[in-house]
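Asks: Sharing a structure below in structure tokens format, with a few things to ask.
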Amino acid sequence: MRVLWVCNFIPPILAQSLSLKAGNKEGWVTGMMSTLLREEEVTLGVTFPVSKETNLSGQRDGIFYYGFHEDNMKADVYDQNLEAELGYICENFSPDVIHVFGTEYPHTLALLKQKEWRKRTLVHLQGLMIPCTEVYEAGLPKEVVERATFRDVLKRDAIWQQKEKFRARGKNETAALKLAMYVAGRTEFDKQYVESVNPDAVYYMLNETLRPTFYGPVWKRENAVKHRIFASQGNYPLKGVHFLLEAMPMILQSYPDATLTIAGDKITAYGTLKEKLKISSYGKYLRELIVKNHLEEAVTFTGNINGKKMLQEYLSSEAFVLTSVLENSPNSLGEAMILGMPIVSTNVGGVPSLAEDEKEVLLCEKENAQAIADKIRILFANPEEADERGRNARSRAMRTHDAMANYKMLHWIYESIMSDL
């Protein structure tokens with residue numbers, strides 16, 4: 001079976017093999033690839049965006065690889081040239097099945113516009129752009145949404161402009177979903193969305209495999225820093241970190257030693273001239289909340305970190321908190337669950353398909369700092385109950401993210417698509 005993966009980034013396994021810079025995102029693709037490469041019956045090809053100055057193709061460690069020319073920084077702009085380029089790659093590799101990760105990139109639409117390859121293509125849902133666009137401002141004050149820092153002006157990337165880029169990507173995503181014959185998702189939320197856009201598409205439920213680093217370790221209270229809260233990302237408004245910062249003063253009233261660690265870019269950094277020039281409107285707003293609420297000593301941004309460092313951040317924290325205003329199936333939630341952590345999450349999107357309120361996690365209303373603070377205080381005040389939920393969460397996540405079970409399902413989906421040809 002020859003399978004071509006179409007990705008919006010170079011998978012870390014391949015990047016390391018080629019001595020190229022590897023990102024830390026989309027860990028679930030890494031997890032799935034690790035399993036797939038152990039199966040001799042599959043020949044894997046991978047194609048991914050490269051700069052227009054780069055020509056990249058070949059074979060390494062059993063993987064055929066091809067670069068195509070797409071600017072991920074302009075993912076809202078459709079490039080018709082991709083149709084011919086991807087068509088050539090498909091002809092060269094001659095796949096039995098094509099597996100496209102993500103619906104919001106121009107290359108997905110470009111591939112699906114080609115009838116000869118569409119009937120072999122499985123579209124794998126990630127985020128859903130139109131639903132995200134509808135809530136992108138995430139309860140931010142109007143003046144924060146409309147203002148622009150030096151960085152925002154230079155990049156044309158103020159919050160309202162980010163929203164318009166999401167909307168443009170959503171149009172491409174909608175067009176792609178309308179053409180798709182086969183779609184893989186993992187929550188009731190994305191299933192219903194696909195049915196609303198294209199009721200004729202065949203929908204497959206396919207759970208995700210996490211990064212290999214997260215299989216095995218187990219969170220233990222005695223190894224965690226008391227009242228330390230961990231959030232996995234806060235780079236843009238949809239992640240809702242501003243609500244967590246608004247909740248912190250309420251948490252500190254009850255637990256003065258509470259701290260918050262946020263993974264991802266240090267978007268509030270303001271110590272040097274370069275940092276002042278690079279700060280975004282959202283980063284500036286988060287900084288304003290930190291200063292206003294006297295949180296300088298309580299809040300830390302880790303900067304960009306790899307999977308092993310992320311694992312340590314989870315394990316050394318007493319609680320994992322997800323405050324997004326919309327998510328489909330956040331891998332950070334899966335990672336925290338499979339470690340067996342106490343968890344608080346907003347009740348949004350596909351989260352209820354992944355975790356049960358009060359049994360495995362504590363769910364709370366989105367865009368509500370008071371609700372977030374209340375749930376975290378409940379978690380801190382009742383460690384035995386929190387630990388029990390953590391054990392339940394781990395038990396469920398071990399099934400949801402079972403690498404071999406997910407591989408078998410993926411293989412069955414590939415065979416099902418081939419049988420329709």
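Just so we're on the same page: first chain in the structure tokens is A, next is B, and so on; residues restart at 1 for each chain, and ligands are numbered from 1 in the order they show up.
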How close does region 369-394 of chain A get to region 241-248 of chain A? List, as CSV, each residue of region 369-394 of chain A within 9 Å, its nearest atom pair and the distance in Å to one decimal, counting only C-alpha atoms.
Replies:
residue,atom,partner,partner_atom,distance
A:Ala369,CA,A:Ala247,CA,4.7
A:Gln370,CA,A:Ala247,CA,6.1
A:Ala371,CA,A:Ala247,CA,8.3
A:Ile372,CA,A:Ala247,CA,6.4
A:Ala373,CA,A:Ala247,CA,5.0
A:Asp374,CA,A:Ala247,CA,8.7
Asks: Output N, CA and C atoms of each residue in that selection to a file, as a short mmCIF file (atom, residue, chain, number, x, y, z; two decimals), in the first residue's frame.
Replies:
data_model
loop_
_atom_site.label_atom_id
_atom_site.label_comp_id
_atom_site.auth_asym_id
_atom_site.auth_seq_id
_atom_site.Cartn_x
_atom_site.Cartn_y
_atom_site.Cartn_z
N ALA A 369 -14.01 34.18 33.78
CA ALA A 369 -12.87 34.09 34.70
C ALA A 369 -13.30 33.58 36.06
N GLN A 370 -14.49 33.97 36.50
CA GLN A 370 -14.98 33.53 37.81
C GLN A 370 -15.15 32.01 37.82
N ALA A 371 -15.73 31.48 36.75
CA ALA A 371 -15.94 30.03 36.67
C ALA A 371 -14.62 29.28 36.65
N ILE A 372 -13.64 29.82 35.92
CA ILE A 372 -12.32 29.19 35.87
C ILE A 372 -11.69 29.18 37.25
N ALA A 373 -11.74 30.31 37.93
CA ALA A 373 -11.16 30.40 39.28
C ALA A 373 -11.86 29.44 40.23
N ASP A 374 -13.17 29.37 40.16
CA ASP A 374 -13.92 28.49 41.06
C ASP A 374 -13.52 27.03 40.88
#
Asks: So that I can see what lies close to Met418 (chain A), please list as a VMD selection string the residues with an atom at most 10 Å from it, counting only C-alpha atoms and leaving out residues fewer than 2 positions away in the same chain.
Replies: chain A and resid 1 96 to 97 119 to 121 412 to 416 420 to 421
Asks: Can you spit out the residues from that selection as a PDB file, in the first residue's frame, using N, CA and C atoms?
Replies:
ATOM      1  N   MET A   1       0.848  -1.191   0.000  1.00  0.00           N
ATOM      2  CA  MET A   1       0.000   0.000   0.000  1.00  0.00           C
ATOM      3  C   MET A   1       0.893   1.253   0.000  1.00  0.00           C
ATOM      4  N   ASP A  96      -1.703   4.939  -3.599  1.00  0.00           N
ATOM      5  CA  ASP A  96      -3.007   4.282  -3.543  1.00  0.00           C
ATOM      6  C   ASP A  96      -3.992   5.146  -2.766  1.00  0.00           C
ATOM      7  N   VAL A  97      -3.487   5.802  -1.721  1.00  0.00           N
ATOM      8  CA  VAL A  97      -4.298   6.684  -0.881  1.00  0.00           C
ATOM      9  C   VAL A  97      -3.506   7.947  -0.588  1.00  0.00           C
ATOM     10  N   LYS A 119     -10.645  11.107  -5.540  1.00  0.00           N
ATOM     11  CA  LYS A 119     -11.281   9.857  -5.131  1.00  0.00           C
ATOM     12  C   LYS A 119     -10.365   8.981  -4.276  1.00  0.00           C
ATOM     13  N   ARG A 120      -9.078   9.363  -4.168  1.00  0.00           N
ATOM     14  CA  ARG A 120      -8.127   8.628  -3.328  1.00  0.00           C
ATOM     15  C   ARG A 120      -7.787   9.384  -2.042  1.00  0.00           C
ATOM     16  N   THR A 121      -8.419  10.530  -1.829  1.00  0.00           N
ATOM     17  CA  THR A 121      -7.956  11.457  -0.788  1.00  0.00           C
ATOM     18  C   THR A 121      -8.811  11.421   0.466  1.00  0.00           C
ATOM     19  N   TRP A 412      -7.470   0.425   8.252  1.00  0.00           N
ATOM     20  CA  TRP A 412      -8.782   0.003   7.749  1.00  0.00           C
ATOM     21  C   TRP A 412      -9.410   1.093   6.888  1.00  0.00           C
ATOM     22  N   ILE A 413      -9.250   2.341   7.295  1.00  0.00           N
ATOM     23  CA  ILE A 413      -9.784   3.451   6.503  1.00  0.00           C
ATOM     24  C   ILE A 413      -9.104   3.495   5.137  1.00  0.00           C
ATOM     25  N   TYR A 414      -7.788   3.355   5.123  1.00  0.00           N
ATOM     26  CA  TYR A 414      -7.070   3.330   3.847  1.00  0.00           C
ATOM     27  C   TYR A 414      -7.594   2.207   2.953  1.00  0.00           C
ATOM     28  N   GLU A 415      -7.761   1.031   3.517  1.00  0.00           N
ATOM     29  CA  GLU A 415      -8.263  -0.099   2.726  1.00  0.00           C
ATOM     30  C   GLU A 415      -9.675   0.146   2.239  1.00  0.00           C
ATOM     31  N   SER A 416     -10.497   0.785   3.086  1.00  0.00           N
ATOM     32  CA  SER A 416     -11.864   1.091   2.698  1.00  0.00           C
ATOM     33  C   SER A 416     -11.905   2.037   1.505  1.00  0.00           C
ATOM     34  N   ASP A 420     -13.109   1.313  -2.767  1.00  0.00           N
ATOM     35  CA  ASP A 420     -14.105   2.085  -3.524  1.00  0.00           C
ATOM     36  C   ASP A 420     -13.614   2.491  -4.900  1.00  0.00           C
ATOM     37  N   LEU A 421     -12.317   2.315  -5.153  1.00  0.00           N
ATOM     38  CA  LEU A 421     -11.756   2.771  -6.431  1.00  0.00           C
ATOM     39  C   LEU A 421     -12.248   1.913  -7.598  1.00  0.00           C
TER      40      LEU A 421
END
Asks: As number ranges by chain, list the residues of region 140-245 of chain A assigned to strand (DSSP E) by DSSP on the backbone atoms of this structure.
Replies: A: 182-185, 202-205, 225-231
Asks: I'd like to know which residues of region 61-302 of chain A are helix (DSSP H, G or I) (by DSSP, run on the backbone); could you write them as a PyMOL selection string?
Replies: chain A and resi 72-74+81-93+106-112+115-118+129-134+142-146+150-155+159-179+188-197+212-214+221-223+237-239+241-254+273-278+281-292
Asks: Can you tell me which residues surround Glu275 (chain A) at a distance of at most 12 Å, considering only C-alpha atoms, apart from same-chain residues fewer than 2 positions away, and format the answer as JSON, numbers by chain?
Replies: {"A": [149, 150, 151, 265, 266, 267, 268, 269, 270, 271, 272, 273, 277, 278, 279, 280, 283, 284]}
Asks: Limited to N, CA and C atoms, could you put the picked residues into a file as a PDB file, in the first residue's frame?
Replies:
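Once everything was written out, this is selection05.pdb:
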ATOM      1  N   THR A 149      -0.069  47.512  17.300  1.00  0.00           N
ATOM      2  CA  THR A 149       1.280  47.847  17.735  1.00  0.00           C
ATOM      3  C   THR A 149       2.175  47.995  16.506  1.00  0.00           C
ATOM      4  N   PHE A 150       3.420  48.384  16.718  1.00  0.00           N
ATOM      5  CA  PHE A 150       4.370  48.507  15.605  1.00  0.00           C
ATOM      6  C   PHE A 150       4.470  47.187  14.855  1.00  0.00           C
ATOM      7  N   ARG A 151       4.557  46.103  15.598  1.00  0.00           N
ATOM      8  CA  ARG A 151       4.647  44.780  14.992  1.00  0.00           C
ATOM      9  C   ARG A 151       3.406  44.476  14.169  1.00  0.00           C
ATOM     10  N   ASP A 265       5.415  30.903  22.953  1.00  0.00           N
ATOM     11  CA  ASP A 265       6.227  32.103  22.805  1.00  0.00           C
ATOM     12  C   ASP A 265       6.026  33.073  23.963  1.00  0.00           C
ATOM     13  N   LYS A 266       7.078  33.797  24.286  1.00  0.00           N
ATOM     14  CA  LYS A 266       7.005  34.810  25.343  1.00  0.00           C
ATOM     15  C   LYS A 266       6.407  36.092  24.763  1.00  0.00           C
ATOM     16  N   ILE A 267       5.102  36.049  24.522  1.00  0.00           N
ATOM     17  CA  ILE A 267       4.479  37.147  23.778  1.00  0.00           C
ATOM     18  C   ILE A 267       4.290  38.410  24.611  1.00  0.00           C
ATOM     19  N   THR A 268       4.533  38.341  25.919  1.00  0.00           N
ATOM     20  CA  THR A 268       4.422  39.534  26.769  1.00  0.00           C
ATOM     21  C   THR A 268       5.775  40.182  27.034  1.00  0.00           C
ATOM     22  N   ALA A 269       6.848  39.612  26.482  1.00  0.00           N
ATOM     23  CA  ALA A 269       8.196  40.131  26.749  1.00  0.00           C
ATOM     24  C   ALA A 269       8.301  41.600  26.341  1.00  0.00           C
ATOM     25  N   TYR A 270       8.911  42.407  27.205  1.00  0.00           N
ATOM     26  CA  TYR A 270       8.940  43.859  26.968  1.00  0.00           C
ATOM     27  C   TYR A 270      10.198  44.490  27.568  1.00  0.00           C
ATOM     28  N   GLY A 271      11.247  43.684  27.759  1.00  0.00           N
ATOM     29  CA  GLY A 271      12.422  44.186  28.451  1.00  0.00           C
ATOM     30  C   GLY A 271      13.427  44.901  27.577  1.00  0.00           C
ATOM     31  N   THR A 272      13.502  44.523  26.306  1.00  0.00           N
ATOM     32  CA  THR A 272      14.466  45.136  25.396  1.00  0.00           C
ATOM     33  C   THR A 272      13.732  45.910  24.305  1.00  0.00           C
ATOM     34  N   LEU A 273      14.480  46.748  23.579  1.00  0.00           N
ATOM     35  CA  LEU A 273      13.872  47.504  22.480  1.00  0.00           C
ATOM     36  C   LEU A 273      13.301  46.552  21.434  1.00  0.00           C
ATOM     37  N   LEU A 277       9.378  46.306  20.191  1.00  0.00           N
ATOM     38  CA  LEU A 277       8.972  46.438  18.789  1.00  0.00           C
ATOM     39  C   LEU A 277       8.209  45.211  18.301  1.00  0.00           C
ATOM     40  N   LYS A 278       8.477  44.040  18.916  1.00  0.00           N
ATOM     41  CA  LYS A 278       7.878  42.787  18.446  1.00  0.00           C
ATOM     42  C   LYS A 278       6.562  42.443  19.138  1.00  0.00           C
ATOM     43  N   ILE A 279       6.201  43.161  20.201  1.00  0.00           N
ATOM     44  CA  ILE A 279       5.007  42.773  20.940  1.00  0.00           C
ATOM     45  C   ILE A 279       3.739  43.038  20.118  1.00  0.00           C
ATOM     46  N   SER A 280       2.807  42.103  20.191  1.00  0.00           N
ATOM     47  CA  SER A 280       1.539  42.229  19.474  1.00  0.00           C
ATOM     48  C   SER A 280       0.500  42.895  20.372  1.00  0.00           C
ATOM     49  N   GLY A 283      -0.384  40.321  22.960  1.00  0.00           N
ATOM     50  CA  GLY A 283       0.672  40.203  23.946  1.00  0.00           C
ATOM     51  C   GLY A 283       0.694  41.411  24.875  1.00  0.00           C
ATOM     52  N   LYS A 284       0.466  42.584  24.323  1.00  0.00           N
ATOM     53  CA  LYS A 284       0.426  43.804  25.134  1.00  0.00           C
ATOM     54  C   LYS A 284      -0.737  43.763  26.120  1.00  0.00           C
TER      55      LYS A 284
END
Asks: Can you tell me, as number ranges by chain, what residues are no more than 8 Å from region 310-325 of chain A when counting only C-alpha atoms, ignoring any on the same chain fewer than 6 positions away?
Replies: A: 135, 138, 213-214, 218-221, 223-232, 238-241, 243-244, 263, 333, 336, 339, 341-346, 348, 366-367, 372, 376, 379
Asks: I want to know what sits within 7 Å of Asp76 (chain A), based on only C-alpha atoms, with residues of the same chain fewer than 6 positions away left out; could you give that as a PyMOL selection string?
Replies: chain A and resi 165+168-169
Asks: Store the residues picked out above, limited to N, CA, C and O atoms, as a PDB file, in the first residue's frame.
Replies:
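After the write, selection.pdb holds the following:
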ATOM      1  N   LYS A 165      -8.089  36.958   8.220  1.00  0.00           N
ATOM      2  CA  LYS A 165      -7.299  35.873   7.622  1.00  0.00           C
ATOM      3  C   LYS A 165      -7.945  34.526   7.916  1.00  0.00           C
ATOM      4  O   LYS A 165      -7.984  33.640   7.054  1.00  0.00           O
ATOM      5  N   ALA A 168     -10.832  34.145   5.538  1.00  0.00           N
ATOM      6  CA  ALA A 168     -10.403  33.777   4.185  1.00  0.00           C
ATOM      7  C   ALA A 168     -10.004  32.309   4.126  1.00  0.00           C
ATOM      8  O   ALA A 168     -10.348  31.593   3.178  1.00  0.00           O
ATOM      9  N   ARG A 169      -9.289  31.847   5.167  1.00  0.00           N
ATOM     10  CA  ARG A 169      -8.916  30.443   5.210  1.00  0.00           C
ATOM     11  C   ARG A 169     -10.158  29.565   5.343  1.00  0.00           C
ATOM     12  O   ARG A 169     -10.217  28.452   4.810  1.00  0.00           O
TER      13      ARG A 169
END
Asks: For the contact check between region 124-232 of chain A and region 387-409 of chain A, emit one row per residue of region 124-232 of chain A within 10 Å, containing the shortest atom pair and the distance in Å rounded to one decimal, counting only C-alpha atoms, chain then rising number order, as a tab-separated table.
Replies:
residue	atom	partner	partner_atom	distance
A:Arg186	CA	A:Thr400	CA	9.8
A:Tyr204	CA	A:Met409	CA	9.2
A:Met205	CA	A:Met409	CA	8.7
A:Leu206	CA	A:Asn406	CA	6.8
A:Asn207	CA	A:Thr400	CA	6.1
A:Glu208	CA	A:His401	CA	5.7
A:Thr209	CA	A:His401	CA	4.9
A:Leu210	CA	A:His401	CA	6.4
A:Arg211	CA	A:Ala403	CA	9.8
A:Pro212	CA	A:Ala403	CA	9.1
A:Tyr215	CA	A:Met398	CA	8.6
A:Val218	CA	A:Arg394	CA	8.6
A:Trp219	CA	A:Gly390	CA	8.6
A:Lys220	CA	A:Asp387	CA	8.8
A:Arg221	CA	A:Asp387	CA	8.1
